[in-house]
>>> print(open('query.cif').read())   # mmCIF, C-alpha atoms and all ligand atoms
data_my_file
loop_
_atom_site.label_atom_id
_atom_site.label_comp_id
_atom_site.auth_asym_id
_atom_site.auth_seq_id
_atom_site.Cartn_x
_atom_site.Cartn_y
_atom_site.Cartn_z
CA MET A 1 -17.53 -5.45 -8.04
CA SER A 2 -15.50 -5.75 -11.23
CA SER A 3 -12.37 -7.87 -11.56
CA VAL A 4 -8.97 -6.31 -12.12
CA LEU A 5 -8.77 -8.42 -15.27
CA GLU A 6 -11.81 -6.95 -17.03
CA THR A 7 -10.57 -3.42 -17.56
CA GLY A 8 -8.03 -1.54 -19.62
CA ALA A 9 -6.07 -1.71 -22.83
CA ARG A 10 -3.98 -4.78 -23.70
CA THR A 11 -2.26 -5.68 -27.01
CA ALA A 12 -0.55 -9.03 -27.67
CA GLY A 13 2.28 -9.66 -30.15
CA VAL A 14 5.11 -12.10 -30.93
CA LEU A 15 8.88 -11.40 -31.06
CA SER A 16 10.99 -12.71 -33.95
CA ASP A 17 12.21 -15.76 -31.97
CA GLY A 18 8.66 -16.78 -31.03
CA ARG A 19 8.44 -15.23 -27.56
CA GLU A 20 5.21 -13.50 -26.53
CA ILE A 21 5.05 -9.75 -25.86
CA LEU A 22 2.12 -7.89 -24.26
CA TYR A 23 1.49 -4.16 -23.97
CA PHE A 24 -0.65 -2.73 -21.18
CA ASP A 25 -1.66 0.91 -21.63
CA ASP A 26 -3.00 3.50 -19.22
CA GLU A 27 -5.89 4.09 -21.64
CA PRO A 28 -7.04 2.55 -24.97
CA GLY A 29 -6.24 4.05 -28.38
CA HIS A 30 -2.49 3.40 -28.73
CA ASP A 31 -1.08 1.40 -31.67
CA ARG A 32 1.32 -1.24 -30.35
CA THR A 33 1.34 -3.47 -33.45
CA ALA A 34 4.90 -2.75 -34.72
CA SER A 35 6.65 -6.00 -35.62
CA ASP A 36 10.07 -7.20 -34.45
CA THR A 37 12.56 -6.57 -37.30
CA ARG A 38 15.36 -8.63 -35.74
CA ASP A 39 16.25 -12.09 -37.06
CA LEU A 40 16.71 -13.93 -33.74
CA ALA A 41 17.37 -17.69 -33.55
CA PRO A 42 14.38 -19.65 -32.21
CA PHE A 43 13.94 -19.29 -28.44
CA THR A 44 15.09 -22.36 -26.47
CA PRO A 45 15.09 -22.13 -22.65
CA GLY A 46 17.77 -24.44 -21.22
CA ALA A 47 17.85 -24.53 -17.41
CA GLU A 48 18.00 -27.66 -15.27
CA LEU A 49 16.26 -28.31 -11.95
CA ARG A 50 18.21 -30.23 -9.30
CA ARG A 51 17.41 -30.99 -5.68
CA ASP A 52 19.93 -30.68 -2.85
CA PRO A 53 19.96 -34.13 -1.19
CA LEU A 54 20.95 -32.57 2.18
CA THR A 55 18.26 -29.87 2.54
CA GLY A 56 15.75 -31.25 0.06
CA GLN A 57 15.57 -27.78 -1.50
CA PRO A 58 15.36 -27.17 -5.27
CA VAL A 59 18.21 -25.39 -7.11
CA LEU A 60 18.02 -24.14 -10.71
CA ILE A 61 21.19 -24.61 -12.78
CA ALA A 62 21.05 -21.96 -15.51
CA ALA A 63 24.59 -21.79 -16.90
CA HIS A 64 23.39 -20.19 -20.17
CA ARG A 65 22.55 -17.01 -18.21
CA GLN A 66 26.26 -16.16 -17.91
CA THR A 67 26.08 -14.69 -21.43
CA ARG A 68 23.05 -12.48 -20.77
CA THR A 69 22.92 -8.74 -21.40
CA VAL A 70 24.35 -6.67 -18.55
CA SER A 71 24.08 -3.02 -17.55
CA SER A 72 23.46 -0.94 -20.59
CA ALA A 73 23.75 2.78 -20.93
CA GLY A 74 20.72 4.45 -22.55
CA GLY A 75 22.00 3.90 -26.09
CA ASP A 76 21.86 0.10 -26.27
CA CYS A 77 19.25 -0.67 -23.62
CA PRO A 78 17.13 -3.71 -24.61
CA LEU A 79 14.07 -2.32 -22.76
CA CYS A 80 13.94 1.11 -24.39
CA PRO A 81 11.48 1.37 -27.32
CA SER A 82 12.84 0.41 -30.76
CA ARG A 83 14.13 3.25 -32.95
CA PRO A 84 14.90 3.06 -36.69
CA GLY A 85 18.19 1.11 -36.95
CA HIS A 86 18.10 0.25 -33.21
CA PRO A 87 15.68 -2.63 -32.65
CA THR A 88 15.28 -3.68 -28.98
CA GLU A 89 13.23 -6.29 -27.12
CA VAL A 90 10.24 -3.93 -27.46
CA PRO A 91 9.33 -3.38 -31.16
CA ALA A 92 6.91 -0.50 -30.46
CA ALA A 93 8.13 3.11 -30.82
CA ASP A 94 6.54 3.96 -27.45
CA TYR A 95 4.69 2.08 -24.73
CA HIS A 96 3.32 2.35 -21.19
CA VAL A 97 4.00 -1.11 -19.71
CA ALA A 98 5.46 -4.01 -21.72
CA VAL A 99 5.70 -7.67 -20.65
CA PHE A 100 7.64 -10.32 -22.56
CA GLU A 101 9.25 -13.71 -21.99
CA ASN A 102 12.83 -13.42 -20.69
CA ARG A 103 15.34 -14.19 -23.45
CA PHE A 104 17.71 -15.70 -20.84
CA PRO A 105 15.27 -17.50 -18.53
CA SER A 106 16.00 -19.53 -15.39
CA LEU A 107 12.79 -21.51 -16.00
CA GLY A 108 10.89 -22.93 -18.97
CA GLY A 109 11.71 -25.70 -21.42
CA ALA A 110 12.16 -29.12 -19.78
CA VAL A 111 12.10 -27.56 -16.28
CA GLY A 112 8.62 -26.07 -16.83
CA GLY A 113 7.38 -22.71 -15.60
CA ARG A 114 8.23 -19.41 -17.24
CA CYS A 115 10.23 -16.19 -16.71
CA GLU A 116 8.85 -12.84 -17.84
CA VAL A 117 10.25 -9.31 -17.86
CA VAL A 118 7.97 -6.36 -17.05
CA SER A 119 9.15 -2.95 -18.24
CA PHE A 120 7.43 -0.26 -16.17
CA SER A 121 8.02 2.69 -18.51
CA ALA A 122 9.42 3.54 -21.93
CA ASP A 123 11.54 6.17 -20.16
CA HIS A 124 14.95 4.72 -19.27
CA ASP A 125 15.51 7.14 -16.40
CA ARG A 126 12.29 6.82 -14.40
CA SER A 127 11.79 4.76 -11.26
CA VAL A 128 8.59 3.09 -10.05
CA SER A 129 8.27 5.37 -7.01
CA GLY A 130 8.18 8.43 -9.29
CA LEU A 131 5.54 7.16 -11.75
CA PRO A 132 2.06 8.74 -11.76
CA ALA A 133 -0.91 6.98 -10.14
CA ASP A 134 -2.39 5.84 -13.48
CA ARG A 135 0.84 4.10 -14.46
CA LEU A 136 1.16 2.36 -11.08
CA THR A 137 -2.37 1.01 -11.60
CA THR A 138 -1.44 -0.17 -15.12
CA ILE A 139 1.59 -1.99 -13.69
CA GLY A 140 -0.69 -3.67 -11.12
CA ARG A 141 -3.12 -4.63 -13.91
CA ALA A 142 -0.26 -6.18 -15.93
CA TRP A 143 0.86 -8.17 -12.86
CA ALA A 144 -2.72 -9.33 -12.25
CA ASP A 145 -3.11 -10.41 -15.89
CA ARG A 146 0.16 -12.36 -15.77
CA THR A 147 -0.67 -13.90 -12.38
CA ALA A 148 -3.92 -15.32 -13.81
CA ALA A 149 -2.28 -16.51 -17.06
CA LEU A 150 0.83 -18.04 -15.48
CA SER A 151 -1.17 -19.73 -12.69
CA ALA A 152 -3.06 -21.56 -15.45
CA LEU A 153 0.11 -23.00 -17.05
CA PRO A 154 0.61 -26.74 -16.47
CA GLY A 155 2.68 -27.50 -13.37
CA VAL A 156 3.06 -23.91 -12.12
CA GLU A 157 2.92 -23.75 -8.29
CA GLN A 158 4.00 -20.19 -7.49
CA VAL A 159 3.77 -16.91 -9.44
CA PHE A 160 6.47 -14.68 -7.93
CA VAL A 161 6.40 -11.01 -9.02
CA PHE A 162 9.47 -8.99 -8.05
CA GLU A 163 11.67 -5.99 -8.72
CA ASN A 164 15.41 -5.74 -8.00
CA ARG A 165 16.13 -1.99 -8.12
CA GLY A 166 19.79 -0.92 -8.22
CA ALA A 167 23.08 -2.57 -9.17
CA GLU A 168 23.78 -3.24 -5.45
CA VAL A 169 20.98 -5.85 -5.39
CA GLY A 170 21.90 -7.44 -8.69
CA ALA A 171 19.85 -5.53 -11.27
CA THR A 172 21.77 -6.01 -14.53
CA LEU A 173 19.77 -3.35 -16.43
CA SER A 174 19.15 0.16 -15.15
CA HIS A 175 15.90 0.65 -17.13
CA PRO A 176 12.95 0.49 -14.66
CA HIS A 177 11.74 -3.10 -14.82
CA GLY A 178 10.76 -6.12 -12.79
CA GLN A 179 10.42 -9.81 -13.40
CA ILE A 180 7.93 -12.61 -12.88
CA TYR A 181 9.02 -16.16 -12.13
CA ALA A 182 6.32 -18.82 -12.50
CA TYR A 183 7.94 -21.66 -10.56
CA PRO A 184 6.99 -25.30 -11.29
CA TYR A 185 7.55 -26.00 -7.56
CA LEU A 186 7.06 -24.20 -4.25
CA PRO A 187 10.20 -22.16 -3.35
CA PRO A 188 11.59 -22.82 0.18
CA VAL A 189 10.22 -19.64 1.84
CA GLN A 190 6.72 -20.08 0.38
CA ALA A 191 6.82 -23.75 1.46
CA ALA A 192 7.74 -22.70 5.01
CA VAL A 193 4.92 -20.10 5.13
CA LEU A 194 2.46 -22.72 3.84
CA ALA A 195 3.51 -25.12 6.63
CA SER A 196 3.02 -22.33 9.23
CA ALA A 197 -0.39 -21.46 7.74
CA ARG A 198 -1.49 -25.11 7.94
CA ALA A 199 -0.33 -25.39 11.56
CA HIS A 200 -2.14 -22.13 12.42
CA ARG A 201 -5.36 -23.28 10.76
CA ALA A 202 -5.22 -26.63 12.59
CA GLU A 203 -4.70 -24.94 15.95
CA HIS A 204 -6.81 -21.77 15.64
CA GLY A 205 -9.13 -22.48 12.70
CA GLY A 206 -8.37 -19.32 10.69
CA CYS A 207 -5.96 -17.67 8.27
CA LEU A 208 -2.42 -17.02 9.57
CA LEU A 209 -1.98 -13.80 7.57
CA CYS A 210 -5.37 -12.44 8.72
CA SER A 211 -4.21 -12.86 12.28
CA VAL A 212 -0.72 -11.36 11.69
CA VAL A 213 -2.03 -8.42 9.65
CA ALA A 214 -4.76 -7.57 12.21
CA ALA A 215 -2.19 -7.59 15.04
CA GLU A 216 0.30 -5.45 13.08
CA ALA A 217 -2.41 -2.98 12.01
CA ALA A 218 -3.12 -2.29 15.71
CA GLY A 219 0.53 -2.28 16.79
CA PRO A 220 3.56 0.02 16.99
CA ARG A 221 5.20 -0.94 13.68
CA VAL A 222 2.66 0.50 11.19
CA VAL A 223 4.37 2.53 8.45
CA ALA A 224 1.28 3.61 6.46
CA ALA A 225 -2.29 2.35 6.02
CA THR A 226 -5.58 2.79 4.17
CA ASP A 227 -9.05 1.37 4.90
CA ASP A 228 -8.14 -1.83 3.03
CA PHE A 229 -4.36 -2.25 3.28
CA VAL A 230 -1.63 -1.87 5.87
CA ALA A 231 2.16 -1.50 5.51
CA TYR A 232 4.25 -2.43 8.55
CA VAL A 233 7.72 -3.49 9.64
CA PRO A 234 7.24 -7.16 10.61
CA GLU A 235 7.80 -8.19 14.24
CA ALA A 236 10.78 -10.41 13.31
CA ALA A 237 12.12 -8.46 10.31
CA ARG A 238 15.19 -10.14 8.81
CA TRP A 239 16.54 -6.98 7.19
CA PRO A 240 17.34 -3.71 9.01
CA TYR A 241 14.82 -1.87 6.77
CA GLU A 242 12.01 -4.20 5.69
CA VAL A 243 8.31 -3.45 5.14
CA HIS A 244 5.43 -5.83 4.48
CA LEU A 245 2.26 -4.61 2.78
CA ALA A 246 -0.91 -6.71 2.85
CA PRO A 247 -4.67 -6.47 2.41
CA LEU A 248 -6.66 -6.60 5.66
CA ALA A 249 -9.04 -9.08 3.99
CA CYS A 250 -8.08 -12.53 2.70
CA VAL A 251 -7.15 -11.95 -0.97
CA PRO A 252 -5.03 -14.74 -2.52
CA ASP A 253 -3.36 -12.80 -5.30
CA LEU A 254 -3.51 -9.76 -7.57
CA ALA A 255 -5.79 -11.53 -10.05
CA ALA A 256 -8.41 -11.96 -7.31
CA LEU A 257 -8.27 -8.36 -6.08
CA PRO A 258 -11.52 -6.40 -6.70
CA GLY A 259 -10.82 -3.86 -9.47
CA GLU A 260 -11.64 -0.79 -7.38
CA LEU A 261 -8.99 -1.75 -4.79
CA LEU A 262 -6.08 -1.95 -7.26
CA PRO A 263 -5.42 1.83 -7.53
CA ARG A 264 -5.46 2.10 -3.71
CA LEU A 265 -3.05 -0.83 -3.32
CA MET A 266 -0.66 0.54 -5.94
CA ALA A 267 -0.79 4.05 -4.43
CA LEU A 268 0.24 2.64 -1.05
CA TYR A 269 2.94 0.53 -2.75
CA GLY A 270 4.36 3.69 -4.37
CA ASP A 271 4.14 5.51 -1.03
CA VAL A 272 6.23 2.81 0.69
CA LEU A 273 8.82 2.80 -2.12
CA ARG A 274 9.18 6.59 -1.76
CA ARG A 275 9.81 6.09 1.97
CA PHE A 276 12.76 3.80 1.07
CA ASP A 277 14.21 6.65 -0.99
CA GLY A 278 13.55 9.03 1.91
CA LEU A 279 15.36 6.85 4.50
CA PHE A 280 18.90 7.78 3.54
CA GLY A 281 18.19 10.84 1.40
CA ASP A 282 19.01 9.22 -1.96
CA PRO A 283 17.60 6.46 -4.20
CA THR A 284 18.03 3.23 -2.25
CA ALA A 285 18.63 -0.16 -3.84
CA TYR A 286 15.69 -2.37 -2.89
CA MET A 287 13.92 -5.64 -3.60
CA ALA A 288 10.10 -5.69 -3.78
CA CYS A 289 8.65 -9.21 -3.76
CA TRP A 290 5.00 -10.25 -4.10
CA HIS A 291 4.27 -13.41 -2.09
CA GLN A 292 1.03 -14.58 -3.68
CA ALA A 293 -0.95 -17.64 -2.57
CA PRO A 294 0.49 -20.95 -3.83
CA VAL A 295 -1.46 -21.99 -6.94
CA LEU A 296 -2.24 -25.51 -5.70
CA HIS A 297 -2.71 -24.86 -1.95
CA ARG A 298 -5.17 -21.98 -1.65
CA ALA A 299 -7.34 -23.81 0.83
CA ASP A 300 -4.46 -23.55 3.31
CA LEU A 301 -2.90 -20.20 2.35
CA SER A 302 -4.99 -17.59 0.53
CA HIS A 303 -3.64 -14.19 1.62
CA PHE A 304 -0.93 -12.36 -0.30
CA TYR A 305 1.66 -9.93 1.04
CA VAL A 306 4.42 -7.80 -0.46
CA GLN A 307 7.88 -7.86 1.12
CA MET A 308 10.06 -4.80 0.44
CA PHE A 309 13.57 -4.37 1.80
CA THR A 310 16.86 -2.68 1.14
CA THR A 311 20.22 -4.34 1.66
CA ARG A 312 21.47 -1.11 3.26
CA ARG A 313 21.83 -0.92 7.03
CA ALA A 314 22.82 2.78 7.14
CA ALA A 315 23.77 5.54 4.70
CA GLY A 316 26.70 4.19 2.68
CA LYS A 317 26.72 0.85 4.57
CA TRP A 318 25.49 -2.50 3.29
CA LYS A 319 24.29 -5.51 5.17
CA PHE A 320 26.19 -8.48 3.81
CA LEU A 321 24.80 -11.95 4.15
CA ALA A 322 27.71 -13.55 6.02
CA SER A 323 28.11 -17.10 7.36
CA SER A 324 25.15 -17.10 9.76
CA GLU A 325 22.71 -15.79 7.13
CA SER A 326 24.17 -17.28 3.92
CA SER A 327 25.12 -20.69 5.22
CA ALA A 328 22.89 -21.38 8.22
CA GLY A 329 19.93 -19.28 7.06
CA ALA A 330 19.94 -17.65 10.52
CA PHE A 331 19.38 -13.90 10.21
CA ILE A 332 20.69 -11.38 12.72
CA ASN A 333 19.06 -7.93 12.41
CA ASP A 334 21.10 -4.95 13.67
CA VAL A 335 18.11 -2.54 13.83
CA SER A 336 15.03 -2.92 16.05
CA PRO A 337 11.88 -3.22 13.92
CA GLU A 338 10.13 -0.60 16.10
CA ALA A 339 12.94 1.91 15.46
CA ALA A 340 12.89 1.10 11.75
CA ALA A 341 9.11 1.70 11.63
CA ALA A 342 9.57 5.14 13.22
CA LEU A 343 12.18 6.03 10.57
CA PHE A 344 9.87 4.86 7.74
CA ARG A 345 7.04 7.00 9.15
CA ALA A 346 9.35 10.03 9.28
CA ALA A 347 10.67 9.29 5.77
CA GLY A 348 7.13 9.78 4.43
CA ASP A 349 7.18 13.38 5.67
CA ARG A 350 10.44 14.04 3.81
CA SER A 351 9.67 12.40 0.45
ZN ZN A 401 16.17 1.68 -21.33
#
>>> encode(input="query.cif", output="structure tokens", more="lines below")
Ligand SMILES: [Zn+2]
Amino acid sequence: MSSVLETGARTAGVLSDGREILYFDDEPGHDRTASDTRDLAPFTPGAELRRDPLTGQPVLIAAHRQTRTVSSAGGDCPLCPSRPGHPTEVPAADYHVAVFENRFPSLGGAVGGRCEVVSFSADHDRSVSGLPADRLTTIGRAWADRTAALSALPGVEQVFVFENRGAEVGATLSHPHGQIYAYPYLPPVQAAVLASARAHRAEHGGCLLCSVVAAEAAGPRVVAATDDFVAYVPEAARWPYEVHLAPLACVPDLAALPGELLPRLMALYGDVLRRFDGLFGDPTAYMACWHQAPVLHRADLSHFYVQMFTTRRAAGKWKFLASSESSAGAFINDVSPEAAAALFRAAGDRS
């Protein structure tokens, strides 16, 4: 069994302000050595980490992000390849997948951790769900590489891979891309899941996710499945249309996934994303979030899952996080998870 990390083409470079850039290609043989012709000031991350004395939860203060680049039309997109006279964040004239440090990060510097941007395609107008199988695998390989590298940084506790797709969920650039936050602390949701996993292990002696995933795989909320992975609407979904995707076996993160399973995982991931587009008959704004095992607590929680959801509740209607959700953290879901699962299954036939 080969590791995800041992295969494929990877080229490393440095941007003009000192940030790292990495290219991951579907196959070897591409020249990605073009240098950044811009004259950027040295990169200095400047966020601040505070802790709410009432809830005990961490909050990042990143006021410098107010000046960051927002929605760009094709012409001045920072993620499109560089053209003569139009240098972007990606110096190469073409690429498959590019990863670089975020120029306007919420983490890094004195706070610790790191923020990276992952561009999924050189083509400004593609979306992840429409990319070919080879490219989905390359994206997974880039995520696995970054998960291993960022987990090894001093103080990092959680490597959170995510994509916000669509202006409705806050994506400031329309080019297909995601981000990776390497947090120097455990975010509140991951901390709550870790506490549940510890309680489950103490009471039942096994992995919480193994138990949840096995029950869901045999239940009425399955959306799609393979021999190794299952996608399901969770029993207590918070969002009207929410899917979780997990390996049946205990795998802590993408870096630990056996290489031969990565294409199958990414194919199912693409399948679920296409179902989101099939739900309402047009491209749906979504968030796709990889909950990988906490770096320092794998003995207690070593099973990753992907959470995908849209903030839509019906065609043309959005679920807003009002007082109960935003202030009390108490979600009220207007759609039964069993009904949502049936719609996701049907959406697969349409897409
Ligand atoms: Zn672009």
>>> closest_residue(input="query.cif", among="A:Val118, A:Leu343, A:Ala285, A:Ala236", to="Lys317 (chain A)", atoms="all atoms listed in the file")
A:Ala285
>>> residues_near_ligand(input="query.cif", ligand="ligand ZN 401 (chain A)", cutoff="7 Å", atoms="only C-alpha atoms and all ligand atoms", output="list in words")
Gly74, Cys77, Pro78, Leu79, Cys80, Asp123, His124 and His175 of chain A
>>> atom_distance(input="query.cif", atom1="CA of His204 (chain A)", atom2="CA of Glu216 (chain A)")
18.0 Å
>>> atom_distance(input="query.cif", atom1="CA of Arg114 (chain A)", atom2="CA of Arg50 (chain A)")
16.7 Å
>>> closest_residue(input="query.cif", among="A:Ala225, A:Ala122, A:Val233, A:Leu54", to="Met308 (chain A)", atoms="only C-alpha atoms")
A:Val233
>>> residues_around(input="query.cif", residues="Val306 (chain A)", least_positions_apart="2", cutoff="8 Å", atoms="all atoms listed in the file", output="number ranges by chain")
A: 244-246, 288-291, 304, 308
>>> closest_residue(input="query.cif", among="A:Gly130, A:Ala142, A:Pro81, A:Glu157", to="Thr11 (chain A)", atoms="only C-alpha atoms")
A:Ala142
>>> atom_distance(input="query.cif", atom1="CA of Val295 (chain A)", atom2="CA of Leu265 (chain A)")
21.5 Å
>>> residues_around(input="query.cif", residues="Pro187 (chain A)", least_positions_apart="4", cutoff="9 Å", atoms="only C-alpha atoms", output="ChimeraX atom specification")
/A:57-58,157-158,183,191-192
>>> closest_residue(input="query.cif", among="A:Phe162, A:Thr55, A:Ala315, A:Ala195", to="Ala328 (chain A)", atoms="only C-alpha atoms")
A:Thr55
>>> closest_residue(input="query.cif", among="A:Gln190, A:Asn164, A:Gln292, A:Asn102", to="Phe309 (chain A)", atoms="only C-alpha atoms")
A:Asn164
>>> closest_residue(input="query.cif", among="A:Ala339, A:Leu49, A:Leu268, A:Ala237", to="Ser106 (chain A)", atoms="all atoms listed in the file")
A:Leu49
>>> closest_atom_pairs(input="query.cif", of="region 48-162 of chain A", to="region 22-38 of chain A", cutoff="6 Å", atoms="only C-alpha atoms", output="CSV")
residue,atom,partner,partner_atom,distance
A:Pro91,CA,A:Asp36,CA,5.1
A:Ala92,CA,A:Ala34,CA,5.2
A:His96,CA,A:Asp25,CA,5.2
A:Val97,CA,A:Phe24,CA,5.1
A:Ala98,CA,A:Tyr23,CA,4.6
A:Val99,CA,A:Leu22,CA,5.1
A:Thr138,CA,A:Asp26,CA,5.7
>>> residues_around(input="query.cif", residues="region 272-274 of chain A", least_positions_apart="2", cutoff="9 Å", atoms="all atoms listed in the file", output="list in words")
Val128, Ser129, Gly130, Val223, Ala224, Ala231, Val243, Leu245, Ala267, Leu268, Tyr269, Gly270, Phe276, Asp277, Gly278, Leu279, Pro283, Tyr286, Ala288, Met308, Phe344, Ala347, Gly348 and Ser351 of chain A
>>> axis_aligned_box(input="query.cif", around="region 226-239 of chain A", padding_each_side="5 Å", output="JSON")
{"center_x": 3.7, "center_y": -3.8, "center_z": 8.6, "size_x": 35.6, "size_y": 23.2, "size_z": 21.2}
>>> residues_around(input="query.cif", residues="region 59-64 of chain A", least_positions_apart="5", cutoff="9 Å", atoms="all atoms listed in the file", output="list of chain:residue names")
A:Pro45, A:Gly46, A:Ala47, A:Glu48, A:Leu49, A:Arg50, A:Arg51, A:Asp52, A:Phe104, A:Pro105, A:Ser106, A:Leu107, A:Val111
>>> residues_near_point(input="query.cif", point="(15.1, -1.0, -11.1)", cutoff="10 Å", atoms="all atoms listed in the file", output="JSON, numbers by chain")
{"A": [119, 120, 124, 125, 126, 127, 128, 163, 164, 165, 166, 167, 169, 170, 171, 172, 173, 174, 175, 176, 177, 178, 285, 286, 287]}
>>> decode(input="query.cif", residues="region 225-241 of chain A", atoms="N, CA, C and O atoms", output="PDB file, in the first residue's frame")
ATOM      1  N   ALA A 225     -22.542   5.803  -1.861  1.00  0.00           N
ATOM      2  CA  ALA A 225     -21.544   5.027  -1.127  1.00  0.00           C
ATOM      3  C   ALA A 225     -20.668   4.232  -2.085  1.00  0.00           C
ATOM      4  O   ALA A 225     -21.054   3.971  -3.226  1.00  0.00           O
ATOM      5  N   THR A 226     -19.463   3.885  -1.608  1.00  0.00           N
ATOM      6  CA  THR A 226     -18.594   2.943  -2.309  1.00  0.00           C
ATOM      7  C   THR A 226     -18.222   1.864  -1.280  1.00  0.00           C
ATOM      8  O   THR A 226     -18.732   1.886  -0.154  1.00  0.00           O
ATOM      9  N   ASP A 227     -17.313   0.945  -1.645  1.00  0.00           N
ATOM     10  CA  ASP A 227     -16.893  -0.080  -0.688  1.00  0.00           C
ATOM     11  C   ASP A 227     -16.188   0.527   0.523  1.00  0.00           C
ATOM     12  O   ASP A 227     -16.169  -0.061   1.601  1.00  0.00           O
ATOM     13  N   ASP A 228     -15.572   1.704   0.351  1.00  0.00           N
ATOM     14  CA  ASP A 228     -14.725   2.262   1.406  1.00  0.00           C
ATOM     15  C   ASP A 228     -15.250   3.541   2.042  1.00  0.00           C
ATOM     16  O   ASP A 228     -14.743   3.971   3.081  1.00  0.00           O
ATOM     17  N   PHE A 229     -16.205   4.200   1.381  1.00  0.00           N
ATOM     18  CA  PHE A 229     -16.677   5.501   1.872  1.00  0.00           C
ATOM     19  C   PHE A 229     -18.200   5.564   1.805  1.00  0.00           C
ATOM     20  O   PHE A 229     -18.820   4.910   0.959  1.00  0.00           O
ATOM     21  N   VAL A 230     -18.777   6.381   2.676  1.00  0.00           N
ATOM     22  CA  VAL A 230     -20.224   6.593   2.618  1.00  0.00           C
ATOM     23  C   VAL A 230     -20.526   8.089   2.769  1.00  0.00           C
ATOM     24  O   VAL A 230     -19.850   8.791   3.526  1.00  0.00           O
ATOM     25  N   ALA A 231     -21.510   8.571   2.006  1.00  0.00           N
ATOM     26  CA  ALA A 231     -21.991   9.947   2.115  1.00  0.00           C
ATOM     27  C   ALA A 231     -23.435   9.888   2.592  1.00  0.00           C
ATOM     28  O   ALA A 231     -24.238   9.124   2.050  1.00  0.00           O
ATOM     29  N   TYR A 232     -23.757  10.647   3.619  1.00  0.00           N
ATOM     30  CA  TYR A 232     -25.081  10.568   4.241  1.00  0.00           C
ATOM     31  C   TYR A 232     -25.492  11.924   4.779  1.00  0.00           C
ATOM     32  O   TYR A 232     -24.645  12.785   5.046  1.00  0.00           O
ATOM     33  N   VAL A 233     -26.795  12.118   4.925  1.00  0.00           N
ATOM     34  CA  VAL A 233     -27.296  13.291   5.644  1.00  0.00           C
ATOM     35  C   VAL A 233     -27.270  12.908   7.123  1.00  0.00           C
ATOM     36  O   VAL A 233     -27.850  11.886   7.505  1.00  0.00           O
ATOM     37  N   PRO A 234     -26.586  13.664   7.975  1.00  0.00           N
ATOM     38  CA  PRO A 234     -26.478  13.240   9.383  1.00  0.00           C
ATOM     39  C   PRO A 234     -27.828  13.306  10.103  1.00  0.00           C
ATOM     40  O   PRO A 234     -28.691  14.107   9.757  1.00  0.00           O
ATOM     41  N   GLU A 235     -27.972  12.427  11.095  1.00  0.00           N
ATOM     42  CA  GLU A 235     -29.214  12.295  11.862  1.00  0.00           C
ATOM     43  C   GLU A 235     -29.718  13.646  12.382  1.00  0.00           C
ATOM     44  O   GLU A 235     -30.903  13.941  12.319  1.00  0.00           O
ATOM     45  N   ALA A 236     -28.806  14.467  12.911  1.00  0.00           N
ATOM     46  CA  ALA A 236     -29.191  15.778  13.457  1.00  0.00           C
ATOM     47  C   ALA A 236     -28.536  16.880  12.617  1.00  0.00           C
ATOM     48  O   ALA A 236     -27.808  17.725  13.145  1.00  0.00           O
ATOM     49  N   ALA A 237     -28.794  16.843  11.297  1.00  0.00           N
ATOM     50  CA  ALA A 237     -28.226  17.873  10.411  1.00  0.00           C
ATOM     51  C   ALA A 237     -28.639  19.256  10.905  1.00  0.00           C
ATOM     52  O   ALA A 237     -29.783  19.465  11.304  1.00  0.00           O
ATOM     53  N   ARG A 238     -27.677  20.204  10.870  1.00  0.00           N
ATOM     54  CA  ARG A 238     -27.999  21.575  11.275  1.00  0.00           C
ATOM     55  C   ARG A 238     -28.615  22.359  10.127  1.00  0.00           C
ATOM     56  O   ARG A 238     -29.421  23.252  10.332  1.00  0.00           O
ATOM     57  N   TRP A 239     -28.153  22.042   8.914  1.00  0.00           N
ATOM     58  CA  TRP A 239     -28.569  22.785   7.727  1.00  0.00           C
ATOM     59  C   TRP A 239     -29.613  21.982   6.967  1.00  0.00           C
ATOM     60  O   TRP A 239     -29.552  20.751   6.953  1.00  0.00           O
ATOM     61  N   PRO A 240     -30.565  22.658   6.275  1.00  0.00           N
ATOM     62  CA  PRO A 240     -31.589  21.933   5.533  1.00  0.00           C
ATOM     63  C   PRO A 240     -30.977  20.923   4.554  1.00  0.00           C
ATOM     64  O   PRO A 240     -31.497  19.826   4.402  1.00  0.00           O
ATOM     65  N   TYR A 241     -29.873  21.287   3.886  1.00  0.00           N
ATOM     66  CA  TYR A 241     -29.234  20.377   2.927  1.00  0.00           C
ATOM     67  C   TYR A 241     -27.762  20.234   3.294  1.00  0.00           C
ATOM     68  O   TYR A 241     -26.949  21.094   2.953  1.00  0.00           O
TER      69      TYR A 241
END
